[in-house]
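File shown: coords04.csv (CSV, C-alpha atoms and all ligand atoms).
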chain,number,residue,atom,x,y,z
A,1,MET,CA,0.0,0.0,0.0
A,2,THR,CA,1.4,3.4,-1.0
A,3,GLU,CA,0.9,6.4,1.3
A,4,TYR,CA,-1.2,8.3,-1.1
A,5,GLN,CA,-3.9,5.7,-0.4
A,6,SER,CA,-3.8,6.8,3.3
A,7,MET,CA,-4.0,10.5,2.6
A,8,PRO,CA,-7.2,12.5,3.5
A,9,THR,CA,-9.8,11.6,0.8
A,10,ARG,CA,-9.8,15.0,-0.8
A,11,ASP,CA,-6.0,15.0,-1.2
A,12,SER,CA,-5.9,11.5,-2.6
A,13,GLN,CA,-8.7,12.3,-5.1
A,14,ARG,CA,-6.8,15.3,-6.2
A,15,THR,CA,-3.6,13.3,-6.5
A,16,LEU,CA,-5.4,10.6,-8.6
A,17,GLN,CA,-7.0,13.3,-10.8
A,18,LEU,CA,-3.6,14.8,-11.5
A,19,ALA,CA,-2.1,11.4,-12.3
A,20,ASP,CA,-5.0,10.8,-14.8
A,21,GLU,CA,-4.5,14.2,-16.4
A,22,ILE,CA,-0.8,13.4,-16.8
A,23,ARG,CA,-1.6,10.1,-18.4
A,24,ARG,CA,-4.0,11.8,-20.8
A,25,VAL,CA,-1.6,14.6,-21.8
A,26,ALA,CA,1.7,12.6,-22.2
A,27,THR,CA,2.0,11.2,-25.7
A,28,ARG,CA,5.7,10.1,-25.5
A,29,CYS,CA,8.6,9.5,-23.1
A,30,TRP,CA,9.8,12.4,-21.1
A,31,ASN,CA,12.6,12.5,-18.4
A,32,ILE,CA,11.9,15.0,-15.7
A,33,MET,CA,14.4,15.7,-13.0
A,34,GLU,CA,13.3,16.9,-9.5
A,35,ILE,CA,16.3,18.8,-8.2
A,36,CYS,CA,15.6,18.6,-4.5
A,37,GLY,CA,16.2,15.7,-2.3
A,38,GLY,CA,13.1,16.6,-0.2
A,39,GLN,CA,11.0,16.2,-3.4
A,40,THR,CA,12.7,12.8,-4.1
A,41,HIS,CA,11.7,11.6,-0.7
A,42,ALA,CA,8.1,12.8,-1.1
A,43,ILE,CA,7.9,11.1,-4.5
A,44,MET,CA,9.1,7.8,-3.0
A,45,GLN,CA,7.1,8.1,0.2
A,46,TYR,CA,3.8,8.7,-1.6
A,47,GLY,CA,4.6,6.3,-4.4
A,48,LEU,CA,4.0,9.0,-7.0
A,49,ASP,CA,6.4,7.4,-9.4
A,50,GLN,CA,4.1,4.4,-9.4
A,51,LEU,CA,1.0,6.5,-10.2
A,52,LEU,CA,2.6,8.0,-13.3
A,53,PRO,CA,2.4,6.4,-16.8
A,54,PRO,CA,5.5,4.5,-17.8
A,55,GLU,CA,6.4,7.2,-20.4
A,56,ILE,CA,7.2,9.6,-17.5
A,57,ASN,CA,10.5,8.9,-16.0
A,58,LEU,CA,11.4,10.8,-12.9
A,59,ILE,CA,15.1,11.4,-12.5
A,60,HIS,CA,16.5,12.3,-9.1
A,61,GLY,CA,18.9,15.3,-9.1
A,62,PRO,CA,21.8,16.5,-7.0
A,63,GLY,CA,19.7,18.5,-4.5
A,64,CYS,CA,20.8,16.8,-1.4
A,65,PRO,CA,23.3,19.1,0.4
A,66,VAL,CA,24.9,16.4,2.4
A,67,CYS,CA,25.3,14.2,-0.7
A,68,VAL,CA,27.1,16.7,-2.8
A,69,THR,CA,29.5,18.0,-0.2
A,70,SER,CA,32.9,17.0,-1.6
A,71,LEU,CA,35.2,14.5,-0.1
A,72,GLU,CA,37.9,17.2,0.1
A,73,ALA,CA,35.6,19.3,2.3
A,74,ILE,CA,34.9,16.3,4.6
A,75,GLU,CA,38.6,15.6,4.9
A,76,THR,CA,39.2,19.3,5.7
A,77,ALA,CA,36.5,19.1,8.3
A,78,LEU,CA,38.1,16.1,9.9
A,79,GLN,CA,41.5,17.7,9.9
A,80,ILE,CA,40.1,20.9,11.6
A,81,ALA,CA,38.0,19.0,14.1
A,82,GLN,CA,41.0,17.0,15.3
A,83,GLN,CA,43.1,20.1,16.1
A,84,PRO,CA,43.5,20.9,19.8
A,85,GLY,CA,41.2,23.6,21.2
A,86,VAL,CA,38.6,23.3,18.4
A,87,ILE,CA,34.9,22.7,18.8
A,88,PHE,CA,33.7,21.6,15.4
A,89,THR,CA,29.9,22.1,14.8
A,90,SER,CA,27.8,20.7,12.1
A,91,PHE,CA,24.2,19.7,11.1
A,92,GLY,CA,23.7,16.1,12.2
A,93,ASP,CA,23.6,14.3,8.9
A,94,MET,CA,27.1,15.4,8.0
A,95,LEU,CA,28.6,13.4,11.0
A,96,ARG,CA,27.9,10.0,9.3
A,97,VAL,CA,29.2,10.9,5.8
A,98,PRO,CA,32.2,8.7,5.1
A,99,GLY,CA,35.5,10.4,4.4
A,100,THR,CA,38.4,8.3,3.1
A,101,SER,CA,39.0,6.5,6.4
A,102,GLN,CA,36.5,7.8,8.9
A,103,ASP,CA,33.6,10.1,9.5
A,104,LEU,CA,33.1,13.0,12.0
A,105,PHE,CA,31.4,10.5,14.4
A,106,GLY,CA,34.6,8.5,14.3
A,107,ALA,CA,36.7,11.7,15.0
A,108,ARG,CA,34.4,12.4,18.0
A,109,ALA,CA,34.9,8.8,19.3
A,110,SER,CA,38.6,9.4,19.0
A,111,GLY,CA,38.4,12.5,21.2
A,112,ALA,CA,37.6,15.4,18.9
A,113,ASP,CA,35.0,17.9,20.2
A,114,VAL,CA,32.4,17.5,17.4
A,115,ARG,CA,28.9,18.8,18.2
A,116,VAL,CA,25.6,18.7,16.3
A,117,VAL,CA,23.9,22.1,16.0
A,118,TYR,CA,20.6,23.0,14.4
A,119,SER,CA,21.6,26.5,13.2
A,120,PRO,CA,24.8,28.5,12.7
A,121,PHE,CA,23.6,30.9,15.5
A,122,GLU,CA,23.8,27.9,17.9
A,123,ALA,CA,27.5,27.6,16.9
A,124,VAL,CA,28.0,31.4,17.5
A,125,LYS,CA,26.5,30.9,21.0
A,126,ILE,CA,28.9,28.0,21.7
A,127,ALA,CA,31.8,30.4,20.6
A,128,GLN,CA,30.6,33.1,23.0
A,129,SER,CA,30.4,30.5,25.9
A,130,ASN,CA,33.8,29.1,25.1
A,131,PRO,CA,36.1,32.1,24.5
A,132,ASP,CA,39.2,29.9,25.0
A,133,LYS,CA,38.2,27.6,22.1
A,134,GLN,CA,38.0,28.0,18.4
A,135,VAL,CA,34.4,27.2,17.2
A,136,VAL,CA,34.0,26.2,13.6
A,137,PHE,CA,30.7,25.7,11.8
A,138,PHE,CA,30.5,23.4,8.7
A,139,ALA,CA,28.6,25.6,6.3
A,140,ILE,CA,26.9,23.1,3.9
A,141,GLY,CA,23.6,23.4,2.0
A,142,PHE,CA,21.9,25.2,-0.9
A,143,GLU,CA,20.6,28.7,-1.1
A,144,THR,CA,18.0,27.9,1.5
A,145,THR,CA,20.4,27.6,4.4
A,146,VAL,CA,22.8,30.4,3.3
A,147,PRO,CA,20.9,33.4,4.7
A,148,SER,CA,21.1,32.2,8.3
A,149,ILE,CA,24.8,31.5,7.8
A,150,ALA,CA,25.3,35.0,6.4
A,151,ALA,CA,23.3,36.5,9.3
A,152,SER,CA,25.5,34.6,11.8
A,153,LEU,CA,28.7,36.0,10.2
A,154,ILE,CA,27.3,39.5,10.2
A,155,HIS,CA,26.4,39.1,13.8
A,156,ALA,CA,29.8,37.7,14.7
A,157,GLN,CA,31.6,40.5,12.9
A,158,ARG,CA,29.5,43.2,14.6
A,159,ASN,CA,30.0,41.7,18.0
A,160,GLN,CA,33.7,40.9,17.4
A,161,ILE,CA,33.4,37.2,18.1
A,162,GLN,CA,36.8,36.3,17.0
A,163,ASN,CA,36.8,32.6,17.9
A,164,PHE,CA,34.1,31.7,15.4
A,165,SER,CA,34.7,30.7,11.8
A,166,ILE,CA,33.0,28.6,9.1
A,167,LEU,CA,34.2,25.9,6.7
A,168,PRO,CA,32.6,27.2,3.5
A,169,ALA,CA,30.9,24.4,1.5
A,170,ASN,CA,27.6,26.0,0.3
A,171,VAL,CA,26.4,25.2,-3.2
A,172,LEU,CA,24.1,26.8,-5.7
A,173,VAL,CA,21.3,25.2,-7.8
A,174,PRO,CA,21.4,27.1,-11.2
A,175,PRO,CA,25.1,26.2,-12.0
A,176,ALA,CA,24.3,22.6,-11.3
A,177,ILE,CA,21.4,22.7,-13.7
A,178,ARG,CA,23.7,24.2,-16.3
A,179,ALA,CA,26.3,21.5,-15.7
A,180,ILE,CA,23.6,18.7,-16.1
A,181,LEU,CA,22.2,20.2,-19.3
A,182,SER,CA,25.6,20.8,-20.8
A,183,SER,CA,26.8,17.2,-20.2
A,184,PRO,CA,27.0,15.0,-23.3
A,185,ASN,CA,25.2,12.3,-21.2
A,186,ASN,CA,22.3,14.5,-20.4
A,187,GLN,CA,18.9,12.8,-20.5
A,188,VAL,CA,16.8,15.4,-18.8
A,189,ASN,CA,14.0,17.1,-20.7
A,190,ALA,CA,12.6,19.3,-18.0
A,191,PHE,CA,13.2,20.3,-14.3
A,192,LEU,CA,11.2,20.7,-11.2
A,193,ALA,CA,12.9,23.6,-9.4
A,194,ALA,CA,13.0,23.3,-5.6
A,195,GLY,CA,10.3,25.5,-4.1
A,196,HIS,CA,12.2,26.4,-0.9
A,197,VAL,CA,15.3,27.5,-2.8
A,198,CYS,CA,13.2,29.7,-5.0
A,199,ALA,CA,11.4,31.1,-2.0
A,200,VAL,CA,14.8,32.7,-1.1
A,201,MET,CA,16.2,33.4,-4.6
A,202,GLY,CA,13.1,33.8,-6.7
A,203,TYR,CA,13.3,32.3,-10.2
A,204,THR,CA,14.6,34.9,-12.6
A,205,GLU,CA,18.0,33.2,-12.7
A,206,TYR,CA,16.4,30.1,-14.2
A,207,GLU,CA,15.0,31.9,-17.2
A,208,PRO,CA,18.2,32.1,-19.2
A,209,LEU,CA,18.7,28.4,-18.6
A,210,ALA,CA,15.2,27.5,-19.9
A,211,GLU,CA,15.7,29.6,-23.0
A,212,GLU,CA,19.3,28.6,-23.8
A,213,PHE,CA,18.7,24.8,-23.4
A,214,SER,CA,15.0,24.8,-24.5
A,215,CYS,CA,14.2,23.2,-21.2
A,216,PRO,CA,11.0,23.8,-19.2
A,217,ILE,CA,11.6,24.5,-15.6
A,218,VAL,CA,8.7,24.6,-13.1
A,219,VAL,CA,9.0,25.8,-9.6
A,220,THR,CA,7.4,23.1,-7.5
A,221,GLY,CA,6.4,22.4,-3.9
A,222,PHE,CA,6.7,19.2,-1.8
A,223,LYS,CA,3.2,17.8,-1.3
A,224,PRO,CA,1.9,15.1,-3.6
A,225,ASP,CA,-0.6,17.3,-5.4
A,226,GLU,CA,2.1,20.1,-5.7
A,227,LEU,CA,4.6,17.7,-7.2
A,228,LEU,CA,2.1,16.2,-9.7
A,229,THR,CA,1.0,19.7,-10.6
A,230,GLY,CA,4.6,20.6,-11.4
A,231,ILE,CA,5.1,17.5,-13.4
A,232,LEU,CA,1.8,18.1,-15.3
A,233,MET,CA,3.0,21.7,-16.1
A,234,THR,CA,6.3,20.5,-17.5
A,235,ILE,CA,4.6,17.9,-19.7
A,236,HIS,CA,2.2,20.5,-21.0
A,237,GLN,CA,5.2,22.6,-22.1
A,238,LEU,CA,7.1,19.6,-23.5
A,239,GLU,CA,4.1,18.4,-25.5
A,240,THR,CA,3.6,21.8,-26.9
A,241,GLY,CA,7.2,22.6,-27.6
A,242,THR,CA,7.5,25.5,-25.2
A,243,ALA,CA,10.3,26.0,-22.7
A,244,ARG,CA,9.9,28.7,-20.0
A,245,VAL,CA,10.0,29.0,-16.3
A,246,GLU,CA,6.6,28.6,-14.6
A,247,ASN,CA,5.7,28.8,-10.9
A,248,ALA,CA,3.5,26.0,-9.5
A,249,TYR,CA,4.3,27.1,-5.9
A,250,GLY,CA,2.8,30.5,-5.9
A,251,ARG,CA,1.6,30.3,-2.3
A,252,VAL,CA,5.3,30.5,-1.2
A,253,VAL,CA,7.4,31.7,-4.1
A,254,THR,CA,7.5,35.1,-5.8
A,255,LYS,CA,9.5,35.9,-8.9
A,256,GLY,CA,11.9,38.1,-7.1
A,257,GLY,CA,12.3,36.0,-3.9
A,258,ASN,CA,13.3,37.3,-0.5
A,259,LEU,CA,15.3,40.4,-1.2
A,260,THR,CA,16.4,40.9,2.4
A,261,ALA,CA,17.9,37.4,2.4
A,262,GLN,CA,19.5,37.9,-1.0
A,263,THR,CA,21.2,41.2,0.3
A,264,MET,CA,22.6,39.3,3.3
A,265,ILE,CA,24.0,36.6,1.0
A,266,ARG,CA,25.6,39.1,-1.3
A,267,THR,CA,27.1,41.1,1.6
A,268,VAL,CA,28.9,38.1,2.9
A,269,PHE,CA,29.5,35.7,0.0
A,270,LYS,CA,30.6,35.7,-3.6
A,271,PRO,CA,30.3,32.9,-6.2
A,272,VAL,CA,33.3,30.6,-6.5
A,273,ASP,CA,34.0,27.3,-8.3
A,274,ARG,CA,33.1,24.3,-6.2
A,275,GLN,CA,33.8,20.6,-6.1
A,276,TRP,CA,30.6,18.5,-6.0
A,277,ARG,CA,31.0,15.0,-4.6
A,278,GLY,CA,30.9,12.4,-7.3
A,279,ILE,CA,30.4,15.1,-10.0
A,280,GLY,CA,33.6,17.2,-10.0
A,281,THR,CA,34.1,21.0,-10.1
A,282,ILE,CA,31.2,23.1,-11.4
A,283,PRO,CA,32.2,26.7,-12.2
A,284,LEU,CA,30.8,29.4,-9.9
A,285,SER,CA,28.6,26.8,-8.2
A,286,GLY,CA,29.7,27.6,-4.6
A,287,LEU,CA,29.9,30.5,-2.2
A,288,GLY,CA,33.1,31.8,-0.8
A,289,LEU,CA,33.6,34.6,1.7
A,290,ARG,CA,34.1,38.1,0.5
A,291,SER,CA,37.3,39.8,1.6
A,292,ALA,CA,35.5,41.7,4.4
A,293,PHE,CA,34.6,38.4,6.0
A,294,SER,CA,37.6,36.3,5.0
A,295,ALA,CA,38.9,36.4,8.7
A,296,PHE,CA,36.0,34.0,9.4
A,297,ASP,CA,37.2,31.4,6.9
A,298,ALA,CA,38.3,28.3,8.8
A,299,VAL,CA,40.5,27.2,5.9
A,300,ARG,CA,42.6,30.3,6.3
A,301,ARG,CA,42.6,30.1,10.1
A,302,PHE,CA,43.8,26.5,10.4
A,303,GLN,CA,46.6,24.5,8.8
A,304,VAL,CA,45.0,22.0,6.5
A,305,ASP,CA,46.2,19.8,3.7
A,306,ALA,CA,43.7,20.3,0.9
A,307,SER,CA,45.2,17.7,-1.5
A,308,PRO,CA,42.7,16.0,-3.9
A,309,VAL,CA,41.4,12.6,-2.6
A,310,ALA,CA,40.0,9.7,-4.6
A,311,GLU,CA,36.4,8.8,-4.4
A,312,SER,CA,35.3,5.2,-3.6
A,313,SER,CA,35.5,2.9,-6.6
A,314,VAL,CA,32.3,1.2,-5.5
A,315,CYS,CA,29.9,4.1,-5.0
A,316,ILE,CA,28.3,5.4,-8.2
A,317,ALA,CA,26.9,8.5,-6.4
A,318,GLY,CA,28.0,10.8,-9.2
A,319,GLN,CA,25.8,8.9,-11.7
A,320,VAL,CA,22.9,8.9,-9.2
A,321,LEU,CA,23.3,12.6,-8.5
A,322,THR,CA,23.3,13.6,-12.1
A,323,GLY,CA,20.4,11.3,-13.0
A,324,VAL,CA,22.4,8.9,-15.2
A,325,ALA,CA,21.7,6.0,-12.9
A,326,LYS,CA,19.1,5.2,-10.2
A,327,PRO,CA,20.1,3.8,-6.8
A,328,PRO,CA,19.1,0.2,-7.5
A,329,ASP,CA,21.5,0.3,-10.5
A,330,CYS,CA,24.3,0.5,-8.0
A,331,PRO,CA,25.7,-3.0,-7.3
A,332,ALA,CA,26.2,-2.1,-3.6
A,333,PHE,CA,22.6,-0.9,-3.1
A,334,GLY,CA,20.9,-2.7,-0.2
A,335,LYS,CA,23.9,-5.1,0.1
A,336,ALA,CA,27.2,-3.6,1.0
A,337,CYS,CA,25.6,-0.2,1.3
A,338,THR,CA,22.6,0.3,3.6
A,339,PRO,CA,21.6,3.2,5.9
A,340,THR,CA,23.3,1.5,8.9
A,341,SER,CA,26.4,0.9,6.9
A,342,PRO,CA,26.6,3.5,4.2
A,343,LEU,CA,29.3,3.6,1.6
A,344,GLY,CA,28.3,6.9,0.1
A,345,ALA,CA,26.5,10.1,1.1
A,346,PRO,CA,23.2,9.5,-0.7
A,347,MET,CA,22.6,6.6,1.6
A,348,VAL,CA,23.4,8.7,4.7
A,349,SER,CA,21.4,11.8,4.3
A,350,SER,CA,17.7,12.1,5.1
A,351,GLU,CA,17.4,13.7,1.6
A,352,GLY,CA,19.6,11.2,-0.2
A,353,ALA,CA,18.1,9.3,-3.2
A,354,CYS,CA,19.7,6.0,-2.1
A,355,ALA,CA,18.2,6.3,1.4
A,356,ALA,CA,14.8,7.2,-0.1
A,357,TYR,CA,14.8,4.1,-2.4
A,358,TYR,CA,16.0,1.9,0.5
A,359,ARG,CA,13.5,3.2,2.9
A,360,TYR,CA,10.4,3.3,0.7
A,361,GLN,CA,11.0,0.6,-1.8
A,362,LYS,CA,11.7,-1.9,1.1
A,363,ALA,CA,8.6,-0.6,2.9
A,364,ASN,CA,6.2,-1.0,0.0
B,401,LIG,S1,23.8,2.7,-2.9
B,401,LIG,FE1,25.5,3.4,-1.6
B,401,LIG,S2,27.4,2.9,-2.8
B,401,LIG,FE2,25.6,2.9,-4.3
B,401,LIG,S3,25.5,5.0,-5.1
B,401,LIG,FE3,24.1,4.9,-3.3
B,401,LIG,S4,25.4,5.6,-1.6
B,401,LIG,FE4,26.8,5.0,-3.3

Would you write the structure of this file as structure tokens?
Amino acid sequence: MTEYQSMPTRDSQRTLQLADEIRRVATRCWNIMEICGGQTHAIMQYGLDQLLPPEINLIHGPGCPVCVTSLEAIETALQIAQQPGVIFTSFGDMLRVPGTSQDLFGARASGADVRVVYSPFEAVKIAQSNPDKQVVFFAIGFETTVPSIAASLIHAQRNQIQNFSILPANVLVPPAIRAILSSPNNQVNAFLAAGHVCAVMGYTEYEPLAEEFSCPIVVTGFKPDELLTGILMTIHQLETGTARVENAYGRVVTKGGNLTAQTMIRTVFKPVDRQWRGIGTIPLSGLGLRSAFSAFDAVRRFQVDASPVAESSVCIAGQVLTGVAKPPDCPAFGKACTPTSPLGAPMVSSEGACAAYYRYQKAN
């Protein structure tokens, strides 16, 4: 039994109506990528992929912040966390992501002071309470999490909190879409853009991508009817040969986004090239600190060896994150790699595609 069958009657009827409409409108095969890991989980949780006609192939994108954080960033985090006098803080999921030989949990077990926080401001408070320690926050995530990180740095600068710094590893969605569409292996015909990212950034920066690559992009929410509405709108565009940005999440997203949040981001950060785990370097896809805030850069503050490190030969996360393969295509899926013994980040994170397939396919 899929969970859409246990939704309130009105919601499940709407969901089934939308699936019928998609079946009626689609005349050929289309590959549609949902960028966001939260959307991937909702699709798997509610069995939406099973409601769709076989012509509609949902491809899961690289929108899981934990999954795309590079091995180099994790190794740097481990090196900093193990230095004397450091309190290393991070969102919880990052602690279980494997580095080359251990994860941050392992570092904690070996004596490093590694703490889970729920916001960067919590890390700032830890710094204020521990003036004799250096407190570092592992700054991962997409545009959604960046405003709070920027606000914490503005606060730290204003209040001269000098024992706080961040390890910058934030990433941006539009350059990732460009990289996927530019790849010779690209199979994606249309995108569902992540509603919460667009709530911050708006959606004007997606318009040049839709036009240049003739690729429909629909800003989409996270509930079953919102996801199916977004899918239906992309299929309408694909079937009629149009390619523009549409907003199916108007109750939350405006075209311009949250201007206050964007100003904070621009004040603190600038676009930089960034390494994505399993994918490689994507130009201008990350955020680095502007010179006015560079004193808060943990990489400058601590001695770290940032040499390149080799990815696991077993894990095909790069193919999963770019939609070239699905988690069950990985030989390790559900065997050598499970949520209790993950080989790669997509099996660790609550937003990872491998974890979603493992959890919901096994449950159905
Ligand atoms: S199942 Fe595990 S090993 Fe395979 S791609 Fe996913 S995370 Fe990597």

Do you know which residues are within 9 Å of ligand LIG 401 (chain B) using only C-alpha atoms and all ligand atoms? Can you write them as a PDB file with C-alpha atoms, in the coordinates of the input?
ATOM      1  CA  CYS A  67      25.300  14.200  -0.700  1.00  0.00           C
ATOM      2  CA  SER A 312      35.300   5.200  -3.600  1.00  0.00           C
ATOM      3  CA  SER A 313      35.500   2.900  -6.600  1.00  0.00           C
ATOM      4  CA  VAL A 314      32.300   1.200  -5.500  1.00  0.00           C
ATOM      5  CA  CYS A 315      29.900   4.100  -5.000  1.00  0.00           C
ATOM      6  CA  ILE A 316      28.300   5.400  -8.200  1.00  0.00           C
ATOM      7  CA  ALA A 317      26.900   8.500  -6.400  1.00  0.00           C
ATOM      8  CA  GLY A 318      28.000  10.800  -9.200  1.00  0.00           C
ATOM      9  CA  GLN A 319      25.800   8.900 -11.700  1.00  0.00           C
ATOM     10  CA  VAL A 320      22.900   8.900  -9.200  1.00  0.00           C
ATOM     11  CA  LEU A 321      23.300  12.600  -8.500  1.00  0.00           C
ATOM     12  CA  ALA A 325      21.700   6.000 -12.900  1.00  0.00           C
ATOM     13  CA  LYS A 326      19.100   5.200 -10.200  1.00  0.00           C
ATOM     14  CA  PRO A 327      20.100   3.800  -6.800  1.00  0.00           C
ATOM     15  CA  PRO A 328      19.100   0.200  -7.500  1.00  0.00           C
ATOM     16  CA  ASP A 329      21.500   0.300 -10.500  1.00  0.00           C
ATOM     17  CA  CYS A 330      24.300   0.500  -8.000  1.00  0.00           C
ATOM     18  CA  PRO A 331      25.700  -3.000  -7.300  1.00  0.00           C
ATOM     19  CA  ALA A 332      26.200  -2.100  -3.600  1.00  0.00           C
ATOM     20  CA  PHE A 333      22.600  -0.900  -3.100  1.00  0.00           C
ATOM     21  CA  GLY A 334      20.900  -2.700  -0.200  1.00  0.00           C
ATOM     22  CA  LYS A 335      23.900  -5.100   0.100  1.00  0.00           C
ATOM     23  CA  ALA A 336      27.200  -3.600   1.000  1.00  0.00           C
ATOM     24  CA  CYS A 337      25.600  -0.200   1.300  1.00  0.00           C
ATOM     25  CA  THR A 338      22.600   0.300   3.600  1.00  0.00           C
ATOM     26  CA  PRO A 339      21.600   3.200   5.900  1.00  0.00           C
ATOM     27  CA  SER A 341      26.400   0.900   6.900  1.00  0.00           C
ATOM     28  CA  PRO A 342      26.600   3.500   4.200  1.00  0.00           C
ATOM     29  CA  LEU A 343      29.300   3.600   1.600  1.00  0.00           C
ATOM     30  CA  GLY A 344      28.300   6.900   0.100  1.00  0.00           C
ATOM     31  CA  ALA A 345      26.500  10.100   1.100  1.00  0.00           C
ATOM     32  CA  PRO A 346      23.200   9.500  -0.700  1.00  0.00           C
ATOM     33  CA  MET A 347      22.600   6.600   1.600  1.00  0.00           C
ATOM     34  CA  VAL A 348      23.400   8.700   4.700  1.00  0.00           C
ATOM     35  CA  GLY A 352      19.600  11.200  -0.200  1.00  0.00           C
ATOM     36  CA  ALA A 353      18.100   9.300  -3.200  1.00  0.00           C
ATOM     37  CA  CYS A 354      19.700   6.000  -2.100  1.00  0.00           C
ATOM     38  CA  ALA A 355      18.200   6.300   1.400  1.00  0.00           C
ATOM     39  CA  TYR A 358      16.000   1.900   0.500  1.00  0.00           C
TER      40      TYR A 358
END

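Excluding Ile80 (chain A) and any residue on its chain fewer than 4 positions from it, the residues at most 8 Å away by all atoms listed in the file are A:Thr76, A:Val86, A:Phe88, A:Phe302, A:Gln303, A:Val304.
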
Practice item. Skip Gln262 (chain A) itself and residues of its chain fewer than 4 positions away, then list as an MDAnalysis selection string all residues within 9 Å of it, counting only C-alpha atoms. Key: chainID A and resid 147 200:201 257:258 266:267

Practice item. Please identify all polymer residues within 8 Å of Gly286 (chain A), counting all atoms listed in the file, omitting same-chain residues fewer than 4 positions from it, and present them as a ChimeraX atom specification. Key: /A:169-172,271-274

Point to revise | d(CA of Val117 (chain A), CA of Ile166 (chain A)) in Å | key: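 We find that CA of Val117 (chain A) and CA of Ile166 (chain A) lie 13.1 Å from each other.
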
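Take the candidates A:Leu232, A:Leu78, A:Ile217, A:Val66 and check each one against Glu21 (chain A) using all atoms listed in the file; the shortest distance goes to A:Leu232.
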
Practice item. To one decimal in Å, tell me the separation between CA of Gly256 (chain A) and CA of His196 (chain A). Key: 13.2 Å

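Going from CA of Ile231 (chain A) to CA of Tyr360 (chain A) covers 20.7 Å.
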
10 Å contact set for Pro131 (chain A), only C-alpha atoms, chain neighbours under 4 positions out, as a short mmCIF file (atom, residue, chain, number, x, y, z; two decimals) with C-alpha atoms, keeping the file's coordinate frame:
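Result file follows (around29.cif):
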data_model
loop_
_atom_site.label_atom_id
_atom_site.label_comp_id
_atom_site.auth_asym_id
_atom_site.auth_seq_id
_atom_site.Cartn_x
_atom_site.Cartn_y
_atom_site.Cartn_z
CA ILE A 126 28.90 28.00 21.70
CA ALA A 127 31.80 30.40 20.60
CA VAL A 135 34.40 27.20 17.20
CA ILE A 161 33.40 37.20 18.10
CA GLN A 162 36.80 36.30 17.00
CA ASN A 163 36.80 32.60 17.90
CA PHE A 164 34.10 31.70 15.40
#

Using all atoms listed in the file, which protein or nucleic acid residues come within 12 Å of Val324 (chain A)? Drop anything in the same chain fewer than 5 positions from it, and give the result as a PDB file with C-alpha atoms, in the coordinates of the input.
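New file part_19.pdb:
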ATOM      1  CA  ASN A  31      12.600  12.500 -18.400  1.00  0.00           C
ATOM      2  CA  MET A  33      14.400  15.700 -13.000  1.00  0.00           C
ATOM      3  CA  ASN A  57      10.500   8.900 -16.000  1.00  0.00           C
ATOM      4  CA  LEU A  58      11.400  10.800 -12.900  1.00  0.00           C
ATOM      5  CA  ILE A  59      15.100  11.400 -12.500  1.00  0.00           C
ATOM      6  CA  HIS A  60      16.500  12.300  -9.100  1.00  0.00           C
ATOM      7  CA  GLY A  61      18.900  15.300  -9.100  1.00  0.00           C
ATOM      8  CA  PRO A  62      21.800  16.500  -7.000  1.00  0.00           C
ATOM      9  CA  ILE A 180      23.600  18.700 -16.100  1.00  0.00           C
ATOM     10  CA  SER A 183      26.800  17.200 -20.200  1.00  0.00           C
ATOM     11  CA  PRO A 184      27.000  15.000 -23.300  1.00  0.00           C
ATOM     12  CA  ASN A 185      25.200  12.300 -21.200  1.00  0.00           C
ATOM     13  CA  ASN A 186      22.300  14.500 -20.400  1.00  0.00           C
ATOM     14  CA  GLN A 187      18.900  12.800 -20.500  1.00  0.00           C
ATOM     15  CA  VAL A 188      16.800  15.400 -18.800  1.00  0.00           C
ATOM     16  CA  ILE A 279      30.400  15.100 -10.000  1.00  0.00           C
ATOM     17  CA  ILE A 316      28.300   5.400  -8.200  1.00  0.00           C
ATOM     18  CA  ALA A 317      26.900   8.500  -6.400  1.00  0.00           C
ATOM     19  CA  GLY A 318      28.000  10.800  -9.200  1.00  0.00           C
ATOM     20  CA  GLN A 319      25.800   8.900 -11.700  1.00  0.00           C
ATOM     21  CA  ASP A 329      21.500   0.300 -10.500  1.00  0.00           C
ATOM     22  CA  CYS A 330      24.300   0.500  -8.000  1.00  0.00           C
TER      23      CYS A 330
END

Exercise for review: Select, from A:Pro224, A:Ala42, A:Asn189, A:Leu153, the residue with the minimum atom-to-atom distance to Leu16 (chain A), counting all atoms listed in the file.
Suggested key: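 Ranking A:Pro224, A:Ala42, A:Asn189, A:Leu153 by distance to Leu16 (chain A), first place goes to A:Pro224.
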
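The closest residue to Ala306 (chain A), picked from A:Thr340, A:Glu34, A:Glu72, A:His41 and counting only C-alpha atoms, is A:Glu72.
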
**Study point:** Nearest candidate to Ser148 (chain A) (options A:Gln275, A:Asn247, A:Gln134, A:Thr260; using all atoms listed in the file)
**Key:**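 Ranked by minimum distance to Ser148 (chain A), first place goes to A:Thr260.
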
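Each of A:Pro216, A:Phe296, A:Arg108, A:Asp225 was checked against Ile177 (chain A) using only C-alpha atoms; the smallest atom-to-atom distance is that of A:Pro216.
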
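Proximity of A:Gly195, A:Gln157, A:Ala248, A:Ser165 to Leu228 (chain A), computed with all atoms listed in the file, is greatest for A:Ala248.
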